[in-house]
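> My structure is below; once you've seen it, I'll send some questions.
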Amino acid sequence: MRVGEQSTDPIDQVLGEVPVPASLTPEDVRLAVRAVVVHAAEEWPNGPLCRNDGASYPCRLHRWGRRVLENHGLNERQIDALIRHGNPFVHVPFPFTYTTPRPGAAPARTAPAAGYPARGQAGRPVAPGARPAAAGMRPGVRPGVPGRPVTPPTAAPRWPRAS
């Protein structure tokens, strides 16, 4: 059965199709990605079945997820690539705009989102006006804070081994 065909499953005939929201939100797109990946086809001797609930493929949630992603701007090849990728938590940008980067162009860096602190080394928040740790600084010295340096412990504590 193809994606656009009418299902012969009794549950589908009673419940009908899951409605697509009029205006899509990022949560709708995340749920749609999860629906198409989790409810993908699995080959059985009597034909493909939904990997999650054993209904005839494509099940109601898979069809809903495809319709939401198509309304979001993804084409069939991109949706099939999401399914082959297999990660139900893969990020699809919102709003989705398909742009092809120039050959050899570096990806653009964006400023941090409003309300979130800037991130420094190792993803830690950096205080406004503070200097990030330079490569040549002594370890154990707090940057921008006057006072004595923080000394590392001389030896690691020796804890008894669990047997």
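Every chain in the structure tokens has a letter given in the order shown (A, B, ...), and although residue numbers restart at 1 in each chain, ligands are simply numbered from 1 in the order shown.
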With 9 Å as the cut-off and only C-alpha atoms counted, what is the closest atom pair between each nearby residue of segment 36-87 of chain A and segment 11-30 of chain A? Distances in Å to one decimal, ordered by chain and number, as a tab-separated table.


residue	atom	partner	partner_atom	distance
A:Cys59	CA	A:Asp12	CA	8.2
A:Arg60	CA	A:Glu17	CA	6.4
A:Leu61	CA	A:Val18	CA	7.3
A:Arg63	CA	A:Glu17	CA	8.3
A:Trp64	CA	A:Val18	CA	6.0
A:Gly65	CA	A:Val29	CA	8.1
A:Arg67	CA	A:Val20	CA	7.2
A:Val68	CA	A:Val20	CA	6.3
A:Leu69	CA	A:Val29	CA	6.6
A:Asn71	CA	A:Leu24	CA	8.3
A:His72	CA	A:Leu24	CA	7.4

> Would you please give, as a list in words, all residues of segment 17-93 of chain A that DSSP assigns to strand (DSSP E or B) based on the backbone?

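Residues meeting the strand (DSSP E or B) criterion: Ala41, Glu42, Glu43, Trp44, Gly47, Pro48, Leu49, Cys50 and Ser56 of chain A.
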
> Atoms to include: N, CA and C atoms. Write the selected residues as an mmCIF file, in the first residue's frame.


data_model
loop_
_atom_site.group_PDB
_atom_site.id
_atom_site.type_symbol
_atom_site.label_atom_id
_atom_site.label_comp_id
_atom_site.auth_asym_id
_atom_site.auth_seq_id
_atom_site.Cartn_x
_atom_site.Cartn_y
_atom_site.Cartn_z
ATOM 1 N N ALA A 41 8.572 1.155 8.161
ATOM 2 C CA ALA A 41 8.175 -0.163 7.662
ATOM 3 C C ALA A 41 9.144 -1.238 8.134
ATOM 4 N N GLU A 42 8.588 -2.409 8.375
ATOM 5 C CA GLU A 42 9.383 -3.584 8.698
ATOM 6 C C GLU A 42 8.857 -4.720 7.825
ATOM 7 N N GLU A 43 9.753 -5.378 7.102
ATOM 8 C CA GLU A 43 9.332 -6.431 6.168
ATOM 9 C C GLU A 43 8.914 -7.689 6.912
ATOM 10 N N TRP A 44 7.748 -8.212 6.539
ATOM 11 C CA TRP A 44 7.225 -9.457 7.063
ATOM 12 C C TRP A 44 6.837 -10.324 5.876
ATOM 13 N N GLY A 47 3.966 -8.978 3.914
ATOM 14 C CA GLY A 47 4.079 -7.589 3.473
ATOM 15 C C GLY A 47 4.622 -6.695 4.568
ATOM 16 N N PRO A 48 4.837 -5.418 4.243
ATOM 17 C CA PRO A 48 5.401 -4.501 5.243
ATOM 18 C C PRO A 48 4.383 -4.155 6.319
ATOM 19 N N LEU A 49 4.875 -4.145 7.560
ATOM 20 C CA LEU A 49 4.051 -3.761 8.709
ATOM 21 C C LEU A 49 4.753 -2.640 9.451
ATOM 22 N N CYS A 50 3.985 -1.886 10.240
ATOM 23 C CA CYS A 50 4.548 -0.820 11.069
ATOM 24 C C CYS A 50 5.467 -1.449 12.116
ATOM 25 N N SER A 56 -0.829 -2.398 9.358
ATOM 26 C CA SER A 56 -0.358 -2.383 7.974
ATOM 27 C C SER A 56 0.347 -1.048 7.707
#

> Give the answer as one residue: which of A:Leu31, A:Ile79, A:Val92, A:Val36 has the shortest atom-to-atom distance to His62 of chain A, using only C-alpha atoms?

A:Val36

> May I ask for the distance between atom CA of Arg77 of chain A and atom CA of Val90 of chain A, given in Å to one decimal place?

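According to the coordinates, atom CA of Arg77 of chain A and atom CA of Val90 of chain A are separated by 15.9 Å.
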
> If I take atom CA of Asn46 of chain A and atom CA of Asp80 of chain A, how far is one from the other in Å, to one decimal?

22.7 Å

> Work out how far atom CA of Ala55 of chain A is from atom CA of Arg84 of chain A, in Å to one decimal.

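These two atoms are separated by 19.9 Å.
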